[in-house]
Amino acid sequence: MSTAISSSIAPAAAHLGDRTRRHIALRLLPFVFVLYIANYLDRTSVAYAAIGMSRDLGFSDRVFGLGAGIFFISYVALQIPGALLVELWSARRMICATMIAWGSLTALTGLVHTPAQLYLARFVLGAAEAGFFPGVIVYLSHWFRQDDRAKATSNFMSAIPISFVIGSSIAGWILGHNWLGVIGWRWLFLLEGLPAILLGIVAFFYLSNFPSEATWLAADQREWIQARLNEEKPAAAQSMPIWTALRSRTTLLLAFVCFLDYFVLYCFMFWFPTMLKRLSGFSDVNVGLLGALPYLVAFVAMQINGWHSDRTRERRWHSAVPFLISAVGLVGLVIQTGQTGHTGSIGFLLVLFTMVAIGGIAFLPTFWAIPTEILGLSAAAAAVGLINAVGSVSGFAGPYLFGYLNTRMGSFSYGLAVMLVSSLAGAALMLRTPRRA
């Protein structure tokens, strides 16, 4: 009798678990995906606007590199406070406030006329965006078990390549048009800032901070997901002080690995349109269309990598191999853009650029699953903030150094060589990351 009852309970519990996981995923992941698209459209809109700004305002590569990178000074400074506010205040309020602020500032960037105005606009925008990414990473750990976390993170972070697939095509089209006597790149900032403002308002009413607050889940679903999340909290991690997490070898190593990946990624994101424009001689519209292809392939690679990592419960190799893929692509680009400036076929160049994009982007979901799996809630929030802060320093160093080397040396190959060294070092250090804190 008892055996029969137990056998009937097990399928019911499994059905409840599957139904709850599916309900949470369908409710949260599409929405935070759209939010992150808006985030990256606003953060990187200057990459395509630079084509028009250099033409109309006479900005040099060095000015543009500093303008792209200065965003990360304020962004880095507020990473840890922003992440902790999600735990101590409210994820819903934090996400809402940051989105409205950064959307407004992106729109106002369209008014700049001088390098100093560009630097100021980017600096303030970085402060506005600082708490969003670490906050969402921690927020997802409130809702998704370890078995689902890399997949959930990959779904969220796939907004990075998709934002470029969408933004590249749209930006190329907008740059080619003037309306009401206003040139295209100014419209680009305005039109990409408005969605963030609207989505920030929606986020306040749509998101719930914890499963216990989710009226859109049934009572048994709320109890099931909360029980599963509690079971996965290591006792040592629950009691780990924030300061201990911040100065642990694991956290510091992850922070440096993040720096190396972001160095490659942000150099690519901010300079790829300019490189493609100069190497191909295509129109702004065609650069926008072709520029979407590497990100589309990287999106597919990110999904496969996150899915396979969850299936095997392995994170280190799934984070190291993308570095090596980038390195292969960068070797080819250094050769192609070397001493004579000969670039070969545009098709081959796009393949190499795509490998760099795959490496920088496919790394993200498996890497960001690690901190929240080995640390407790507040410790993970602080650690994610620190890791992203250190990594984001390269958002300033990378684009600026790349622009400086290109202006000084007259070739993209020197900046690409620095990216190559970063990729190889990142792969080596990722494999030295311990499996436990």
# chains A, B, ... in the order shown; residues from 1 in each chain; ligands from 1
call {"tool": "closest_atom_pairs", "arguments": {"of": "stretch 17-62 of chain A", "to": "stretch 71-81 of chain A", "cutoff": "12 Å", "atoms": "only C-alpha atoms", "output": "Markdown table"}}
result
| residue | atom | partner | partner_atom | distance |
| --- | --- | --- | --- | --- |
| A:Asp42 | CA | A:Phe71 | CA | 11.5 |
| A:Arg43 | CA | A:Phe71 | CA | 8.4 |
| A:Thr44 | CA | A:Phe71 | CA | 10.2 |
| A:Val46 | CA | A:Phe71 | CA | 10.8 |
call {"tool": "residues_around", "arguments": {"residues": "stretch 217-223 of chain A", "least_positions_apart": "3", "cutoff": "10 Å", "atoms": "only C-alpha atoms", "output": "ChimeraX atom specification"}}
result
/A:16-21,23-24,27,210-214,226-228
call {"tool": "write_last_selection", "arguments": {"atoms": "N, CA, C and O atoms", "output": "mmCIF file, in the first residue's frame"}}
result
data_model
loop_
_atom_site.group_PDB
_atom_site.id
_atom_site.type_symbol
_atom_site.label_atom_id
_atom_site.label_comp_id
_atom_site.auth_asym_id
_atom_site.auth_seq_id
_atom_site.Cartn_x
_atom_site.Cartn_y
_atom_site.Cartn_z
ATOM 1 N N LEU A 16 5.035 18.653 -10.881
ATOM 2 C CA LEU A 16 5.000 19.978 -10.261
ATOM 3 C C LEU A 16 6.303 20.728 -10.514
ATOM 4 O O LEU A 16 6.293 21.919 -10.851
ATOM 5 N N GLY A 17 7.448 20.023 -10.375
ATOM 6 C CA GLY A 17 8.738 20.661 -10.604
ATOM 7 C C GLY A 17 8.894 21.133 -12.033
ATOM 8 O O GLY A 17 9.319 22.272 -12.277
ATOM 9 N N ASP A 18 8.555 20.279 -12.997
ATOM 10 C CA ASP A 18 8.676 20.663 -14.402
ATOM 11 C C ASP A 18 7.760 21.841 -14.735
ATOM 12 O O ASP A 18 8.157 22.765 -15.455
ATOM 13 N N ARG A 19 6.546 21.771 -14.196
ATOM 14 C CA ARG A 19 5.586 22.851 -14.461
ATOM 15 C C ARG A 19 6.061 24.170 -13.869
ATOM 16 O O ARG A 19 5.948 25.229 -14.494
ATOM 17 N N THR A 20 6.635 24.112 -12.670
ATOM 18 C CA THR A 20 7.115 25.329 -12.013
ATOM 19 C C THR A 20 8.309 25.920 -12.745
ATOM 20 O O THR A 20 8.378 27.133 -12.990
ATOM 21 N N ARG A 21 9.269 25.072 -13.103
ATOM 22 C CA ARG A 21 10.455 25.559 -13.822
ATOM 23 C C ARG A 21 10.070 26.178 -15.158
ATOM 24 O O ARG A 21 10.596 27.232 -15.536
ATOM 25 N N HIS A 23 7.136 27.464 -15.958
ATOM 26 C CA HIS A 23 6.374 28.686 -15.710
ATOM 27 C C HIS A 23 7.314 29.858 -15.395
ATOM 28 O O HIS A 23 7.143 30.970 -15.931
ATOM 29 N N ILE A 24 8.297 29.616 -14.542
ATOM 30 C CA ILE A 24 9.252 30.674 -14.181
ATOM 31 C C ILE A 24 10.061 31.114 -15.402
ATOM 32 O O ILE A 24 10.250 32.314 -15.642
ATOM 33 N N ARG A 27 7.989 33.145 -17.779
ATOM 34 C CA ARG A 27 7.611 34.441 -17.219
ATOM 35 C C ARG A 27 8.784 35.424 -17.208
ATOM 36 O O ARG A 27 8.622 36.588 -17.576
ATOM 37 N N PHE A 210 11.245 37.808 -5.196
ATOM 38 C CA PHE A 210 11.491 36.430 -4.761
ATOM 39 C C PHE A 210 10.269 35.568 -5.074
ATOM 40 O O PHE A 210 9.149 36.087 -5.245
ATOM 41 N N PRO A 211 10.447 34.237 -5.130
ATOM 42 C CA PRO A 211 9.299 33.356 -5.363
ATOM 43 C C PRO A 211 8.175 33.561 -4.353
ATOM 44 O O PRO A 211 6.994 33.433 -4.697
ATOM 45 N N SER A 212 8.517 33.878 -3.101
ATOM 46 C CA SER A 212 7.479 34.057 -2.084
ATOM 47 C C SER A 212 6.561 35.236 -2.388
ATOM 48 O O SER A 212 5.452 35.313 -1.878
ATOM 49 N N GLU A 213 7.024 36.167 -3.258
ATOM 50 C CA GLU A 213 6.224 37.336 -3.604
ATOM 51 C C GLU A 213 5.492 37.179 -4.926
ATOM 52 O O GLU A 213 4.771 38.094 -5.344
ATOM 53 N N ALA A 214 5.675 36.038 -5.591
ATOM 54 C CA ALA A 214 5.146 35.861 -6.946
ATOM 55 C C ALA A 214 3.691 35.410 -6.913
ATOM 56 O O ALA A 214 3.395 34.217 -6.773
ATOM 57 N N GLN A 226 11.150 27.329 -3.788
ATOM 58 C CA GLN A 226 11.888 27.839 -2.642
ATOM 59 C C GLN A 226 12.596 26.701 -1.902
ATOM 60 O O GLN A 226 13.744 26.853 -1.459
ATOM 61 N N ALA A 227 11.947 25.561 -1.802
ATOM 62 C CA ALA A 227 12.567 24.408 -1.148
ATOM 63 C C ALA A 227 13.776 23.912 -1.930
ATOM 64 O O ALA A 227 14.813 23.581 -1.353
ATOM 65 N N ARG A 228 13.656 23.862 -3.265
ATOM 66 C CA ARG A 228 14.789 23.412 -4.078
ATOM 67 C C ARG A 228 15.973 24.366 -3.966
ATOM 68 O O ARG A 228 17.121 23.948 -3.878
#
call {"tool": "residues_around", "arguments": {"residues": "A:Val264", "least_positions_apart": "6", "cutoff": "12 Å", "atoms": "only C-alpha atoms", "output": "PyMOL selection string"}}
result
chain A and resi 257-258+270-272+322-327+329-330+353+355-361+363+391-392+394-399+401-402+415-426
call {"tool": "residues_around", "arguments": {"residues": "A:Ser60", "least_positions_apart": "3", "cutoff": "12 Å", "atoms": "only C-alpha atoms", "output": "PyMOL selection string"}}
result
chain A and resi 50-57+63-67+114-115+274+400+403-404+406-408
call {"tool": "closest_residue", "arguments": {"among": "A:Gly69, A:Gly181, A:Gly200, A:Gly332", "to": "A:Val32", "atoms": "only C-alpha atoms"}}
result
A:Gly200
call {"tool": "closest_residue", "arguments": {"among": "A:Pro434, A:Ile137, A:Leu84, A:His142", "to": "A:Leu229", "atoms": "only C-alpha atoms"}}
result
A:His142
call {"tool": "closest_residue", "arguments": {"among": "A:Phe256, A:Gly410, A:Ala298, A:Arg145", "to": "A:Ala389", "atoms": "only C-alpha atoms"}}
result
A:Phe256
